[in-house]
file entry.txt (compact mmCIF, N, CA and C atoms)
# COMPACT_ATOMS: atom_id res chain seq x y z
N MET A 1 97.63 127.89 87.39
CA MET A 1 97.92 126.86 86.41
C MET A 1 97.73 127.48 85.02
N GLN A 2 98.67 127.25 84.15
CA GLN A 2 98.57 127.73 82.79
C GLN A 2 98.58 126.55 81.84
N PHE A 3 97.52 126.39 81.06
CA PHE A 3 97.45 125.30 80.10
C PHE A 3 96.43 125.62 79.04
N GLN A 4 96.54 124.93 77.95
CA GLN A 4 95.57 125.05 76.87
C GLN A 4 94.98 123.67 76.66
N VAL A 5 93.82 123.43 77.18
CA VAL A 5 93.14 122.14 77.03
C VAL A 5 91.74 122.42 76.54
N PRO A 6 91.34 121.77 75.44
CA PRO A 6 89.98 122.01 74.96
C PRO A 6 88.95 121.40 75.91
N MET A 7 87.78 122.00 75.96
CA MET A 7 86.70 121.41 76.72
C MET A 7 86.43 120.02 76.14
N GLY A 8 86.04 119.10 76.98
CA GLY A 8 85.69 117.77 76.49
C GLY A 8 86.75 116.73 76.72
N GLU A 9 87.89 117.10 77.29
CA GLU A 9 88.90 116.11 77.58
C GLU A 9 88.98 115.88 79.07
N GLY A 10 89.23 114.64 79.46
CA GLY A 10 89.47 114.36 80.87
C GLY A 10 88.57 113.29 81.43
N PRO A 11 89.17 112.28 82.07
CA PRO A 11 88.41 111.16 82.64
C PRO A 11 87.93 111.41 84.06
N VAL A 12 87.37 112.59 84.31
CA VAL A 12 86.79 112.91 85.61
C VAL A 12 85.41 113.52 85.38
N ALA A 13 84.58 113.46 86.41
CA ALA A 13 83.25 114.07 86.37
C ALA A 13 83.07 114.84 87.68
N VAL A 14 82.24 115.88 87.66
CA VAL A 14 82.05 116.71 88.84
C VAL A 14 80.56 116.96 89.09
N LYS A 15 80.24 117.20 90.34
CA LYS A 15 78.93 117.68 90.74
C LYS A 15 79.11 118.36 92.09
N ARG A 16 78.03 118.88 92.63
CA ARG A 16 78.13 119.55 93.92
C ARG A 16 77.03 119.07 94.85
N ILE A 17 77.30 119.19 96.12
CA ILE A 17 76.29 119.03 97.17
C ILE A 17 76.39 120.32 97.98
N GLY A 18 75.36 121.15 97.90
CA GLY A 18 75.46 122.49 98.48
C GLY A 18 76.53 123.24 97.71
N ASN A 19 77.50 123.79 98.42
CA ASN A 19 78.63 124.45 97.76
C ASN A 19 79.86 123.56 97.69
N GLU A 20 79.73 122.31 98.12
CA GLU A 20 80.87 121.40 98.16
C GLU A 20 81.07 120.70 96.82
N LEU A 21 82.30 120.70 96.36
CA LEU A 21 82.66 120.07 95.11
C LEU A 21 82.93 118.58 95.31
N LEU A 22 82.30 117.75 94.46
CA LEU A 22 82.55 116.31 94.42
C LEU A 22 83.23 115.99 93.10
N ILE A 23 84.22 115.11 93.14
CA ILE A 23 84.97 114.72 91.96
C ILE A 23 84.95 113.20 91.86
N ALA A 24 84.56 112.70 90.69
CA ALA A 24 84.59 111.25 90.43
C ALA A 24 85.69 110.97 89.42
N VAL A 25 86.44 109.89 89.65
CA VAL A 25 87.47 109.49 88.69
C VAL A 25 86.95 108.33 87.88
N CYS A 26 87.20 108.38 86.59
CA CYS A 26 86.75 107.32 85.70
C CYS A 26 87.93 106.54 85.13
N THR A 27 89.09 106.76 85.69
CA THR A 27 90.31 106.04 85.36
C THR A 27 91.08 105.86 86.67
N PRO A 28 91.58 104.66 86.95
CA PRO A 28 92.34 104.47 88.20
C PRO A 28 93.55 105.40 88.27
N ILE A 29 93.86 105.85 89.49
CA ILE A 29 95.01 106.72 89.70
C ILE A 29 95.53 106.56 91.13
N GLU A 30 96.85 106.62 91.28
CA GLU A 30 97.48 106.74 92.59
C GLU A 30 97.64 108.23 92.82
N LEU A 31 96.73 108.80 93.59
CA LEU A 31 96.62 110.25 93.73
C LEU A 31 97.62 110.79 94.74
N ARG A 32 98.27 111.91 94.36
CA ARG A 32 99.17 112.59 95.30
C ARG A 32 98.81 114.05 95.51
N GLY A 33 97.89 114.59 94.69
CA GLY A 33 97.51 115.97 94.86
C GLY A 33 96.36 116.36 93.95
N ILE A 34 95.69 117.45 94.33
CA ILE A 34 94.53 117.95 93.59
C ILE A 34 94.67 119.45 93.44
N GLU A 35 94.31 119.96 92.27
CA GLU A 35 94.25 121.40 92.06
C GLU A 35 92.97 121.73 91.32
N ALA A 36 92.26 122.74 91.78
CA ALA A 36 91.04 123.19 91.12
C ALA A 36 91.18 124.66 90.78
N ASP A 37 90.85 124.98 89.53
CA ASP A 37 90.96 126.35 89.03
C ASP A 37 89.64 126.75 88.38
N VAL A 38 89.36 128.04 88.38
CA VAL A 38 88.17 128.57 87.72
C VAL A 38 88.55 129.80 86.92
N ARG A 39 87.68 130.13 85.96
CA ARG A 39 87.79 131.40 85.27
C ARG A 39 86.40 131.78 84.77
N ASP A 40 86.17 133.09 84.73
CA ASP A 40 84.95 133.63 84.17
C ASP A 40 85.27 134.10 82.76
N ASP A 41 84.38 133.80 81.82
CA ASP A 41 84.58 134.19 80.44
C ASP A 41 85.98 133.79 79.98
N GLU A 42 86.74 134.73 79.50
CA GLU A 42 88.09 134.45 79.02
C GLU A 42 89.16 135.02 79.94
N SER A 43 88.80 135.28 81.19
CA SER A 43 89.77 135.80 82.14
C SER A 43 90.82 134.72 82.46
N PRO A 44 91.95 135.10 83.04
CA PRO A 44 92.97 134.11 83.38
C PRO A 44 92.45 133.11 84.42
N TRP A 45 93.02 131.92 84.41
CA TRP A 45 92.67 130.90 85.39
C TRP A 45 93.08 131.37 86.78
N SER A 46 92.24 131.04 87.77
CA SER A 46 92.51 131.38 89.16
C SER A 46 92.38 130.10 89.99
N THR A 47 93.44 129.75 90.71
CA THR A 47 93.41 128.55 91.56
C THR A 47 92.61 128.87 92.81
N PHE A 48 91.58 128.04 93.09
CA PHE A 48 90.82 128.26 94.31
C PHE A 48 90.97 127.12 95.30
N TRP A 49 91.70 126.07 94.92
CA TRP A 49 91.89 124.97 95.86
C TRP A 49 93.06 124.11 95.43
N VAL A 50 93.99 123.87 96.37
CA VAL A 50 95.12 122.97 96.15
C VAL A 50 95.25 122.13 97.40
N ALA A 51 95.34 120.82 97.22
CA ALA A 51 95.45 119.93 98.38
C ALA A 51 96.40 118.78 98.07
N ASP A 52 97.08 118.33 99.10
CA ASP A 52 97.89 117.13 99.00
C ASP A 52 97.00 115.94 99.30
N ALA A 53 97.31 114.82 98.67
CA ALA A 53 96.52 113.61 98.89
C ALA A 53 97.42 112.40 98.70
N SER A 54 97.07 111.33 99.33
CA SER A 54 97.79 110.07 99.13
C SER A 54 96.75 108.96 99.23
N VAL A 55 96.17 108.64 98.07
CA VAL A 55 95.10 107.65 98.07
C VAL A 55 95.06 106.97 96.70
N SER A 56 94.70 105.71 96.72
CA SER A 56 94.53 104.94 95.48
C SER A 56 93.06 104.98 95.10
N LEU A 57 92.77 105.49 93.89
CA LEU A 57 91.38 105.61 93.44
C LEU A 57 91.13 104.69 92.25
N GLN A 58 89.97 104.09 92.24
CA GLN A 58 89.56 103.20 91.16
C GLN A 58 88.44 103.87 90.36
N ARG A 59 88.14 103.34 89.18
CA ARG A 59 87.07 103.86 88.34
C ARG A 59 85.77 103.95 89.15
N GLY A 60 85.15 105.10 89.12
CA GLY A 60 83.88 105.31 89.81
C GLY A 60 84.01 105.82 91.24
N ASP A 61 85.22 105.87 91.78
CA ASP A 61 85.40 106.40 93.14
C ASP A 61 85.10 107.90 93.14
N VAL A 62 84.47 108.35 94.22
CA VAL A 62 84.11 109.75 94.37
C VAL A 62 84.85 110.30 95.58
N ILE A 63 85.46 111.45 95.38
CA ILE A 63 86.12 112.12 96.49
C ILE A 63 85.44 113.46 96.73
N SER A 64 85.45 113.84 97.98
CA SER A 64 84.88 115.11 98.39
C SER A 64 86.02 116.05 98.72
N ALA A 65 85.86 117.29 98.36
CA ALA A 65 86.91 118.26 98.63
C ALA A 65 87.23 118.36 100.11
N THR A 66 86.27 118.09 100.98
CA THR A 66 86.52 118.22 102.41
C THR A 66 87.32 117.05 102.98
N GLN A 67 87.59 116.03 102.17
CA GLN A 67 88.41 114.91 102.63
C GLN A 67 89.87 115.26 102.78
N PHE A 68 90.31 116.34 102.15
CA PHE A 68 91.72 116.64 102.06
C PHE A 68 92.02 118.01 102.63
N THR A 69 93.12 118.10 103.36
CA THR A 69 93.56 119.37 103.91
C THR A 69 94.31 120.13 102.82
N THR A 70 93.98 121.39 102.67
CA THR A 70 94.66 122.19 101.66
C THR A 70 96.11 122.42 102.07
N GLN A 71 96.92 122.87 101.13
CA GLN A 71 98.33 123.12 101.43
C GLN A 71 98.51 124.22 102.45
N SER A 72 97.51 125.06 102.64
CA SER A 72 97.58 126.10 103.66
C SER A 72 97.16 125.57 105.03
N GLY A 73 96.75 124.28 105.08
CA GLY A 73 96.34 123.69 106.34
C GLY A 73 94.86 123.77 106.61
N ASP A 74 94.09 124.35 105.69
CA ASP A 74 92.64 124.52 105.85
C ASP A 74 91.93 123.23 105.42
N PRO A 75 91.19 122.59 106.31
CA PRO A 75 90.50 121.35 105.95
C PRO A 75 89.14 121.57 105.29
N SER A 76 88.77 122.81 105.00
CA SER A 76 87.41 123.09 104.52
C SER A 76 87.16 122.62 103.10
N GLY A 77 88.18 122.46 102.31
CA GLY A 77 87.98 121.98 100.94
C GLY A 77 87.53 123.06 99.99
N ALA A 78 87.20 122.63 98.79
CA ALA A 78 86.83 123.56 97.72
C ALA A 78 85.36 123.92 97.84
N GLN A 79 85.09 125.18 97.96
CA GLN A 79 83.73 125.68 98.02
C GLN A 79 83.43 126.46 96.75
N LEU A 80 82.32 126.15 96.12
CA LEU A 80 81.97 126.81 94.86
C LEU A 80 81.23 128.12 95.07
N ASP A 81 80.70 128.34 96.28
CA ASP A 81 80.05 129.60 96.63
C ASP A 81 79.00 130.05 95.64
N GLY A 82 78.27 129.12 95.07
CA GLY A 82 77.16 129.45 94.19
C GLY A 82 77.57 130.03 92.86
N ARG A 83 78.83 129.92 92.50
CA ARG A 83 79.29 130.50 91.24
C ARG A 83 78.71 129.73 90.07
N SER A 84 78.44 130.46 89.01
CA SER A 84 77.88 129.84 87.82
C SER A 84 78.48 130.47 86.57
N ASP A 85 78.18 129.86 85.43
CA ASP A 85 78.69 130.34 84.15
C ASP A 85 80.20 130.56 84.21
N LEU A 86 80.91 129.50 84.51
CA LEU A 86 82.35 129.58 84.60
C LEU A 86 82.98 128.33 84.00
N ASP A 87 84.28 128.41 83.76
CA ASP A 87 85.06 127.25 83.37
C ASP A 87 85.70 126.71 84.65
N LEU A 88 85.69 125.41 84.79
CA LEU A 88 86.24 124.75 85.96
C LEU A 88 87.26 123.73 85.49
N SER A 89 88.44 123.76 86.08
CA SER A 89 89.50 122.81 85.75
C SER A 89 89.84 122.00 86.99
N ILE A 90 89.88 120.69 86.83
CA ILE A 90 90.28 119.80 87.91
C ILE A 90 91.51 119.02 87.46
N LEU A 91 92.60 119.16 88.19
CA LEU A 91 93.82 118.42 87.92
C LEU A 91 94.07 117.48 89.07
N LEU A 92 94.07 116.18 88.78
CA LEU A 92 94.42 115.16 89.76
C LEU A 92 95.84 114.72 89.45
N ARG A 93 96.75 115.01 90.36
CA ARG A 93 98.16 114.69 90.15
C ARG A 93 98.43 113.27 90.64
N GLY A 94 98.97 112.46 89.72
CA GLY A 94 99.33 111.10 90.07
C GLY A 94 100.73 111.03 90.64
N VAL A 95 101.05 109.90 91.25
CA VAL A 95 102.40 109.67 91.77
C VAL A 95 103.40 109.79 90.62
N ASP A 96 103.04 109.21 89.48
CA ASP A 96 103.83 109.32 88.27
C ASP A 96 103.23 110.46 87.44
N LYS A 97 104.06 111.38 86.95
CA LYS A 97 103.54 112.52 86.19
C LYS A 97 102.74 112.08 84.98
N ASN A 98 102.99 110.89 84.45
CA ASN A 98 102.24 110.38 83.31
C ASN A 98 100.84 109.93 83.70
N GLU A 99 100.53 109.90 84.99
CA GLU A 99 99.21 109.47 85.47
C GLU A 99 98.28 110.64 85.74
N ASN A 100 98.71 111.88 85.55
CA ASN A 100 97.85 113.02 85.84
C ASN A 100 96.54 112.93 85.06
N LEU A 101 95.45 113.29 85.71
CA LEU A 101 94.14 113.36 85.06
C LEU A 101 93.67 114.80 85.09
N LEU A 102 93.19 115.28 83.95
CA LEU A 102 92.73 116.65 83.85
C LEU A 102 91.35 116.69 83.22
N GLY A 103 90.44 117.39 83.85
CA GLY A 103 89.12 117.63 83.29
C GLY A 103 88.85 119.12 83.27
N VAL A 104 88.39 119.62 82.14
CA VAL A 104 88.04 121.04 82.02
C VAL A 104 86.56 121.10 81.65
N PHE A 105 85.80 121.85 82.43
CA PHE A 105 84.34 121.84 82.32
C PHE A 105 83.80 123.25 82.11
N LEU A 106 82.77 123.36 81.29
CA LEU A 106 82.01 124.59 81.17
C LEU A 106 80.79 124.42 82.07
N VAL A 107 80.73 125.19 83.13
CA VAL A 107 79.66 125.08 84.12
C VAL A 107 78.64 126.17 83.84
N GLU A 108 77.52 125.78 83.20
CA GLU A 108 76.44 126.75 82.97
C GLU A 108 75.11 126.03 82.96
N PRO A 109 74.09 126.52 83.55
CA PRO A 109 74.16 127.75 84.31
C PRO A 109 74.84 127.55 85.66
N GLU A 110 74.80 126.33 86.20
CA GLU A 110 75.51 126.05 87.45
C GLU A 110 75.79 124.56 87.55
N LEU A 111 76.66 124.20 88.47
CA LEU A 111 76.98 122.80 88.68
C LEU A 111 75.82 122.13 89.41
N SER A 112 75.36 121.02 88.87
CA SER A 112 74.16 120.36 89.37
C SER A 112 74.42 119.54 90.63
N GLU A 113 73.38 119.41 91.44
CA GLU A 113 73.40 118.47 92.56
C GLU A 113 72.80 117.14 92.14
N ASP A 114 72.13 117.09 90.99
CA ASP A 114 71.40 115.90 90.57
C ASP A 114 72.12 115.06 89.54
N ALA A 115 73.07 115.64 88.81
CA ALA A 115 73.71 114.90 87.72
C ALA A 115 75.21 115.21 87.70
N TRP A 116 75.97 114.24 87.21
CA TRP A 116 77.41 114.40 87.07
C TRP A 116 77.69 115.10 85.74
N LEU A 117 78.53 116.12 85.79
CA LEU A 117 78.94 116.85 84.60
C LEU A 117 80.26 116.28 84.11
N HIS A 118 80.29 115.97 82.81
CA HIS A 118 81.51 115.46 82.18
C HIS A 118 82.13 116.57 81.35
N ALA A 119 83.41 116.42 81.05
CA ALA A 119 84.14 117.47 80.34
C ALA A 119 83.56 117.75 78.95
N ASP A 120 82.88 116.77 78.36
CA ASP A 120 82.29 117.00 77.03
C ASP A 120 80.92 117.68 77.12
N GLY A 121 80.49 118.02 78.34
CA GLY A 121 79.23 118.73 78.54
C GLY A 121 78.04 117.84 78.83
N THR A 122 78.20 116.53 78.70
CA THR A 122 77.09 115.64 79.00
C THR A 122 76.89 115.54 80.50
N ARG A 123 75.66 115.19 80.88
CA ARG A 123 75.31 114.99 82.29
C ARG A 123 74.72 113.60 82.42
N THR A 124 75.16 112.89 83.46
CA THR A 124 74.69 111.51 83.67
C THR A 124 74.33 111.30 85.13
N GLU A 125 73.50 110.28 85.37
CA GLU A 125 73.09 109.95 86.73
C GLU A 125 74.25 109.35 87.51
N GLN A 126 75.02 108.48 86.87
CA GLN A 126 76.19 107.85 87.49
C GLN A 126 77.45 108.54 86.95
N PRO A 127 78.51 108.61 87.75
CA PRO A 127 79.68 109.39 87.35
C PRO A 127 80.45 108.86 86.14
N CYS A 128 80.46 107.57 85.91
CA CYS A 128 81.29 107.02 84.83
C CYS A 128 80.46 106.20 83.84
N GLU A 129 79.29 106.70 83.48
CA GLU A 129 78.41 105.99 82.55
C GLU A 129 78.91 106.00 81.13
N GLN A 130 79.74 106.96 80.79
CA GLN A 130 80.18 107.10 79.38
C GLN A 130 81.09 105.98 78.98
call {"tool": "encode", "arguments": {"input": "entry.txt", "output": "structure tokens"}}
result
Amino acid sequence: MQFQVPMGEGPVAVKRIGNELLIAVCTPIELRGIEADVRDDESPWSTFWVADASVSLQRGDVISATQFTTQSGDPSGAQLDGRSDLDLSILLRGVDKNENLLGVFLVEPELSEDAWLHADGTRTEQPCEQ
């Protein structure tokens, strides 16, 4: 994925349980696909997870990467593998291209299991407190 989006934009929040990525939506969307990309420092973006989806999500709904089969047929979902100090991009593709939701996060030192990380860098107990 190639894009220029400043940190701090995007109505999604992320956290992890173990190495599993959790994504919360803070804006309703008719979801048709998910893409997750990472980069270290200023290196190019690298896609580490792409999945098809067909689900209606409401504000505050949380999805787990393991809920969706990747386009390669792998049901394991997005694994963060303990990576830290990276940029993380989550693109939720809507049925209508105007419904796409994008969140770009600076993950440092690592993605928390205790708090939701928002694109503006804040951390909250609940995913859509802002």
call {"tool": "residues_around", "arguments": {"input": "entry.txt", "residues": "Ala36 (chain A)", "least_positions_apart": "3", "cutoff": "5 Å", "atoms": "only N, CA and C atoms", "output": "PDB file with N, CA and C atoms, in the frame of the given file"}}
result
ATOM      1  N   THR A  47      93.440 129.750  90.710  1.00  0.00           N
ATOM      2  CA  THR A  47      93.410 128.550  91.560  1.00  0.00           C
ATOM      3  C   THR A  47      92.610 128.870  92.810  1.00  0.00           C
ATOM      4  N   PHE A  48      91.580 128.040  93.090  1.00  0.00           N
ATOM      5  CA  PHE A  48      90.820 128.260  94.310  1.00  0.00           C
ATOM      6  C   PHE A  48      90.970 127.120  95.300  1.00  0.00           C
ATOM      7  N   TRP A  49      91.700 126.070  94.920  1.00  0.00           N
ATOM      8  CA  TRP A  49      91.890 124.970  95.860  1.00  0.00           C
ATOM      9  C   TRP A  49      93.060 124.110  95.430  1.00  0.00           C
ATOM     10  N   SER A  89      88.440 123.760  86.080  1.00  0.00           N
ATOM     11  CA  SER A  89      89.500 122.810  85.750  1.00  0.00           C
ATOM     12  C   SER A  89      89.840 122.000  86.990  1.00  0.00           C
ATOM     13  N   ILE A  90      89.880 120.690  86.830  1.00  0.00           N
ATOM     14  CA  ILE A  90      90.280 119.800  87.910  1.00  0.00           C
ATOM     15  C   ILE A  90      91.510 119.020  87.460  1.00  0.00           C
TER      16      ILE A  90
END
call {"tool": "atom_distance", "arguments": {"input": "entry.txt", "atom1": "CA of Ile34 (chain A)", "atom2": "CA of His118 (chain A)"}}
result
17.5 Å
call {"tool": "axis_aligned_box", "arguments": {"input": "entry.txt", "around": "region 21-31 of chain A", "padding_each_side": "4 Å", "output": "lines of an AutoDock Vina configuration file"}}
result
center_x = 90.0
center_y = 112.6
center_z = 90.7
size_x = 23.3
size_y = 24.2
size_z = 19.2
call {"tool": "closest_residue", "arguments": {"input": "entry.txt", "among": "A:Glu30, A:Gly18, A:Trp45, A:Asp61", "to": "Glu113 (chain A)", "atoms": "only N, CA and C atoms"}}
result
A:Gly18
call {"tool": "select_by_dssp", "arguments": {"input": "entry.txt", "residues": "region 3-125 of chain A", "states": "strand (DSSP E or B)", "output": "MDAnalysis selection string"}}
result
chainID A and resid 12:17 20:25 29:40 46:57 62:64 70 79 86:94 101:107 116:118 123:124
call {"tool": "atom_distance", "arguments": {"input": "entry.txt", "atom1": "CA of Ile17 (chain A)", "atom2": "atom N of Gly94 (chain A)"}}
result
24.8 Å
call {"tool": "decode", "arguments": {"input": "entry.txt", "residues": "region 107-129 of chain A", "atoms": "N, CA, C and O atoms", "output": "short mmCIF file (atom, residue, chain, number, x, y, z; two decimals), in the first residue's frame"}}
result
data_model
loop_
_atom_site.label_atom_id
_atom_site.label_comp_id
_atom_site.auth_asym_id
_atom_site.auth_seq_id
_atom_site.Cartn_x
_atom_site.Cartn_y
_atom_site.Cartn_z
N VAL A 107 3.67 2.78 16.96
CA VAL A 107 3.66 1.79 18.03
C VAL A 107 5.02 1.81 18.71
O VAL A 107 6.00 1.31 18.18
N GLU A 108 5.08 2.46 19.89
CA GLU A 108 6.32 2.46 20.66
C GLU A 108 6.00 2.54 22.14
O GLU A 108 5.10 3.29 22.50
N PRO A 109 6.63 1.83 23.00
CA PRO A 109 7.62 0.85 22.60
C PRO A 109 6.99 -0.40 22.01
O PRO A 109 7.60 -1.10 21.21
N GLU A 110 5.74 -0.71 22.38
CA GLU A 110 5.04 -1.85 21.79
C GLU A 110 3.55 -1.65 21.93
O GLU A 110 3.09 -0.80 22.69
N LEU A 111 2.80 -2.44 21.20
CA LEU A 111 1.34 -2.37 21.27
C LEU A 111 0.89 -3.01 22.58
O LEU A 111 1.28 -4.12 22.91
N SER A 112 0.06 -2.29 23.32
CA SER A 112 -0.34 -2.71 24.66
C SER A 112 -1.42 -3.78 24.64
O SER A 112 -2.23 -3.85 23.74
N GLU A 113 -1.42 -4.59 25.69
CA GLU A 113 -2.53 -5.51 25.93
C GLU A 113 -3.55 -4.88 26.87
O GLU A 113 -4.65 -5.38 27.02
N ASP A 114 -3.19 -3.77 27.52
CA ASP A 114 -4.04 -3.17 28.53
C ASP A 114 -4.82 -1.96 28.06
O ASP A 114 -5.80 -1.59 28.69
N ALA A 115 -4.39 -1.31 26.98
CA ALA A 115 -5.04 -0.08 26.56
C ALA A 115 -5.15 -0.05 25.03
O ALA A 115 -4.33 -0.64 24.33
N TRP A 116 -6.18 0.64 24.56
CA TRP A 116 -6.38 0.82 23.13
C TRP A 116 -5.54 2.00 22.65
O TRP A 116 -5.57 3.06 23.25
N LEU A 117 -4.81 1.79 21.57
CA LEU A 117 -4.01 2.84 20.97
C LEU A 117 -4.80 3.49 19.84
O LEU A 117 -5.34 2.81 18.98
N HIS A 118 -4.85 4.82 19.88
CA HIS A 118 -5.53 5.59 18.85
C HIS A 118 -4.49 6.23 17.94
O HIS A 118 -3.33 6.40 18.32
N ALA A 119 -4.91 6.60 16.75
CA ALA A 119 -3.98 7.13 15.75
C ALA A 119 -3.30 8.41 16.22
O ALA A 119 -2.20 8.72 15.77
N ASP A 120 -3.93 9.15 17.14
CA ASP A 120 -3.29 10.38 17.63
C ASP A 120 -2.30 10.11 18.76
O ASP A 120 -1.73 11.02 19.33
N GLY A 121 -2.10 8.83 19.09
CA GLY A 121 -1.13 8.44 20.12
C GLY A 121 -1.71 8.27 21.51
O GLY A 121 -1.02 7.79 22.40
N THR A 122 -2.96 8.66 21.71
CA THR A 122 -3.56 8.49 23.02
C THR A 122 -3.90 7.02 23.26
O THR A 122 -4.07 6.24 22.33
N ARG A 123 -3.96 6.67 24.53
CA ARG A 123 -4.33 5.30 24.94
C ARG A 123 -5.52 5.41 25.89
O ARG A 123 -5.53 6.26 26.78
N THR A 124 -6.51 4.54 25.67
CA THR A 124 -7.72 4.58 26.49
C THR A 124 -8.11 3.17 26.91
O THR A 124 -7.71 2.19 26.28
N GLU A 125 -8.89 3.10 27.99
CA GLU A 125 -9.35 1.80 28.49
C GLU A 125 -10.39 1.20 27.54
O GLU A 125 -10.39 -0.01 27.30
N GLN A 126 -11.29 2.03 27.03
CA GLN A 126 -12.31 1.59 26.09
C GLN A 126 -11.90 2.04 24.68
O GLN A 126 -11.27 3.09 24.52
N PRO A 127 -12.28 1.29 23.64
CA PRO A 127 -11.77 1.59 22.30
C PRO A 127 -12.24 2.91 21.70
O PRO A 127 -11.52 3.51 20.92
N CYS A 128 -13.42 3.38 22.04
CA CYS A 128 -13.95 4.58 21.38
C CYS A 128 -14.31 5.67 22.39
O CYS A 128 -15.33 6.32 22.28
N GLU A 129 -13.46 5.88 23.38
CA GLU A 129 -13.71 6.89 24.40
C GLU A 129 -13.56 8.30 23.91
O GLU A 129 -14.06 9.24 24.51
#
